[in-house]
Amino acid sequence: MIKSSAPAARGARPLTVTATALTATVALYMALVAFGNITDFGTNQQFVRHVLAMDTTFKDDDLMWRAVTDKALQDTAYVLIIVWETAAALVLLAATWLWVRRDTPRARTLSTYGLLMVMLLFGAGFIAVGGEWFAMWQSKTWNGLDAAIRVFTLSGVVLLVVQLTTREEPATARP
C-alpha cells in the first residue's frame, strides 16, 4: 500500500474515483438502453412479446399455461421495463453527479439504490422471470440470458466497489 503524506481530503481517493467512473458507466449503459427502447420501440417490443408468448420455446404443455399472449399486456410489460430502465439511469446519473461533487455518503446511497434497480431488472426480471418462468432459455431466437447475466454481473461488481469506498473514509475519533 502506498502511503501519502498529504491529507486525504486534498486529492481524489482511488476507490472513490473508481466508484465514480463505474457508476457513470452503468448510468450511461442504462440511459442508452432506455433511449434505444424509446426511439426504436418496435425492436425490443418484439423481443418482449415473443418471450412472454413463449412461442419459440419447446411448447411443453406443462409450461405453456404461463404464456402471456395478450398484446396489450405484453406492451404494458415492455413500457414498464422502459420506465424502470429510465428511472435506474436517472438515479445512477444523480449518483454520478454526487460522486463528482465528493458527496460520498449520498453518492454511495444513491449508487446502491440505482445499482439495485438494475440488478432487480436483470436478475429478477430477465434472468428469473424471463429465463425461468417464461422459459426464455429454451429459445434459440429470443434468448437474452447472456446479456442479462453480463449486466447483472457488471452491476454487482460496481456495487461492491461502491460499498468499498467506506474503507477510504477517515475514522471518526472516539472519546
# chains A, B, ... in the order shown; residues from 1 in each chain; ligands from 1
>>> select_by_dssp(residues="chain A", states="alpha helix (DSSP H)", output="ChimeraX atom specification")
/A:14-39,41-53,71-100,104-119,145-164
>>> residues_around(residues="A:Leu98", least_positions_apart="5", cutoff="9 Å", atoms="only C-alpha atoms", output="number ranges by chain")
A: 20, 93, 103-108, 110
>>> residues_around(residues="A:Thr86", least_positions_apart="4", cutoff="10 Å", atoms="only C-alpha atoms", output="ChimeraX atom specification")
/A:27,30-35,37-38,80-82,90-92
>>> closest_residue(among="A:Ala88, A:Lys59, A:Ala21, A:Arg102", to="A:Glu169", atoms="only C-alpha atoms")
A:Arg102
>>> decode(residues="stretch 25-74 of chain A", atoms="N, CA and C atoms", output="compact mmCIF listing (two decimals), in the first residue's frame")
# COMPACT_ATOMS: atom_id res chain seq x y z
N THR A 25 -20.47 4.59 -15.79
CA THR A 25 -20.54 3.60 -16.87
C THR A 25 -21.89 2.91 -16.90
N VAL A 26 -22.36 2.46 -15.75
CA VAL A 26 -23.66 1.78 -15.69
C VAL A 26 -24.79 2.79 -15.98
N ALA A 27 -24.63 4.02 -15.51
CA ALA A 27 -25.62 5.06 -15.80
C ALA A 27 -25.72 5.29 -17.31
N LEU A 28 -24.57 5.40 -17.96
CA LEU A 28 -24.55 5.58 -19.41
C LEU A 28 -25.19 4.40 -20.12
N TYR A 29 -24.82 3.20 -19.71
CA TYR A 29 -25.39 1.99 -20.31
C TYR A 29 -26.92 2.00 -20.19
N MET A 30 -27.42 2.25 -18.98
CA MET A 30 -28.87 2.22 -18.78
C MET A 30 -29.56 3.34 -19.54
N ALA A 31 -28.93 4.50 -19.62
CA ALA A 31 -29.51 5.61 -20.39
C ALA A 31 -29.58 5.25 -21.87
N LEU A 32 -28.54 4.61 -22.38
CA LEU A 32 -28.55 4.20 -23.79
C LEU A 32 -29.57 3.10 -24.06
N VAL A 33 -29.71 2.18 -23.12
CA VAL A 33 -30.72 1.12 -23.27
C VAL A 33 -32.12 1.72 -23.29
N ALA A 34 -32.40 2.60 -22.34
CA ALA A 34 -33.72 3.24 -22.28
C ALA A 34 -33.96 4.07 -23.53
N PHE A 35 -32.96 4.87 -23.93
CA PHE A 35 -33.08 5.70 -25.13
C PHE A 35 -33.35 4.84 -26.37
N GLY A 36 -32.60 3.75 -26.49
CA GLY A 36 -32.81 2.84 -27.62
C GLY A 36 -34.20 2.23 -27.63
N ASN A 37 -34.68 1.85 -26.46
CA ASN A 37 -36.01 1.24 -26.38
C ASN A 37 -37.12 2.26 -26.66
N ILE A 38 -36.87 3.52 -26.36
CA ILE A 38 -37.86 4.56 -26.64
C ILE A 38 -37.84 4.94 -28.12
N THR A 39 -36.64 5.15 -28.67
CA THR A 39 -36.53 5.62 -30.05
C THR A 39 -36.69 4.49 -31.08
N ASP A 40 -36.42 3.27 -30.69
CA ASP A 40 -36.61 2.11 -31.57
C ASP A 40 -37.52 1.12 -30.84
N PHE A 41 -38.69 1.60 -30.53
CA PHE A 41 -39.63 0.88 -29.68
C PHE A 41 -39.92 -0.54 -30.18
N GLY A 42 -40.05 -0.70 -31.47
CA GLY A 42 -40.50 -1.96 -32.03
C GLY A 42 -39.54 -3.13 -31.90
N THR A 43 -38.24 -2.86 -31.90
CA THR A 43 -37.27 -3.96 -31.88
C THR A 43 -37.40 -4.80 -30.61
N ASN A 44 -37.24 -4.17 -29.46
CA ASN A 44 -37.33 -4.95 -28.22
C ASN A 44 -38.78 -5.22 -27.82
N GLN A 45 -39.71 -4.50 -28.41
CA GLN A 45 -41.13 -4.83 -28.21
C GLN A 45 -41.37 -6.25 -28.72
N GLN A 46 -40.81 -6.56 -29.87
CA GLN A 46 -40.95 -7.91 -30.42
C GLN A 46 -40.28 -8.94 -29.52
N PHE A 47 -39.13 -8.58 -28.97
CA PHE A 47 -38.43 -9.47 -28.05
C PHE A 47 -39.33 -9.80 -26.86
N VAL A 48 -39.87 -8.77 -26.22
CA VAL A 48 -40.73 -8.98 -25.05
C VAL A 48 -41.97 -9.78 -25.43
N ARG A 49 -42.56 -9.47 -26.56
CA ARG A 49 -43.76 -10.22 -26.99
C ARG A 49 -43.46 -11.70 -27.17
N HIS A 50 -42.35 -12.01 -27.83
CA HIS A 50 -42.01 -13.42 -28.06
C HIS A 50 -41.68 -14.16 -26.77
N VAL A 51 -40.93 -13.49 -25.88
CA VAL A 51 -40.59 -14.14 -24.60
C VAL A 51 -41.86 -14.43 -23.81
N LEU A 52 -42.74 -13.43 -23.69
CA LEU A 52 -43.97 -13.61 -22.91
C LEU A 52 -44.91 -14.62 -23.56
N ALA A 53 -44.95 -14.63 -24.88
CA ALA A 53 -45.83 -15.58 -25.59
C ALA A 53 -45.27 -16.99 -25.57
N MET A 54 -43.99 -17.13 -25.29
CA MET A 54 -43.31 -18.42 -25.25
C MET A 54 -43.47 -19.18 -26.57
N ASP A 55 -43.53 -18.44 -27.67
CA ASP A 55 -43.81 -19.06 -28.96
C ASP A 55 -42.58 -19.67 -29.64
N THR A 56 -41.41 -19.48 -29.04
CA THR A 56 -40.21 -20.12 -29.61
C THR A 56 -39.56 -21.06 -28.59
N THR A 57 -40.33 -21.48 -27.60
CA THR A 57 -39.83 -22.45 -26.61
C THR A 57 -40.20 -23.86 -27.09
N PHE A 58 -39.95 -24.84 -26.24
CA PHE A 58 -40.23 -26.23 -26.59
C PHE A 58 -41.73 -26.52 -26.62
N LYS A 59 -42.54 -25.58 -26.18
CA LYS A 59 -44.00 -25.69 -26.16
C LYS A 59 -44.49 -26.90 -25.35
N ASP A 60 -43.84 -27.10 -24.24
CA ASP A 60 -44.23 -28.15 -23.31
C ASP A 60 -45.58 -27.78 -22.69
N ASP A 61 -46.56 -28.68 -22.77
CA ASP A 61 -47.89 -28.40 -22.24
C ASP A 61 -47.88 -28.07 -20.75
N ASP A 62 -46.91 -28.60 -20.04
CA ASP A 62 -46.82 -28.32 -18.61
C ASP A 62 -46.35 -26.89 -18.32
N LEU A 63 -45.79 -26.21 -19.33
CA LEU A 63 -45.30 -24.84 -19.15
C LEU A 63 -46.11 -23.80 -19.90
N MET A 64 -46.74 -24.17 -20.99
CA MET A 64 -47.36 -23.19 -21.88
C MET A 64 -48.52 -22.43 -21.25
N TRP A 65 -49.07 -22.91 -20.16
CA TRP A 65 -50.14 -22.18 -19.50
C TRP A 65 -49.62 -20.84 -18.95
N ARG A 66 -48.31 -20.71 -18.82
CA ARG A 66 -47.71 -19.48 -18.31
C ARG A 66 -47.67 -18.36 -19.36
N ALA A 67 -47.80 -18.72 -20.61
CA ALA A 67 -47.64 -17.76 -21.70
C ALA A 67 -48.65 -16.62 -21.59
N VAL A 68 -48.15 -15.42 -21.89
CA VAL A 68 -49.00 -14.23 -21.95
C VAL A 68 -49.07 -13.84 -23.42
N THR A 69 -50.24 -14.04 -24.02
CA THR A 69 -50.38 -13.79 -25.44
C THR A 69 -51.15 -12.51 -25.76
N ASP A 70 -51.73 -11.89 -24.76
CA ASP A 70 -52.45 -10.64 -24.98
C ASP A 70 -51.44 -9.53 -25.27
N LYS A 71 -51.54 -8.92 -26.46
CA LYS A 71 -50.58 -7.92 -26.89
C LYS A 71 -50.60 -6.68 -25.99
N ALA A 72 -51.75 -6.33 -25.47
CA ALA A 72 -51.83 -5.17 -24.57
C ALA A 72 -51.05 -5.43 -23.29
N LEU A 73 -51.15 -6.63 -22.75
CA LEU A 73 -50.38 -6.98 -21.55
C LEU A 73 -48.88 -7.04 -21.85
N GLN A 74 -48.55 -7.59 -23.00
CA GLN A 74 -47.14 -7.65 -23.41
C GLN A 74 -46.56 -6.25 -23.54
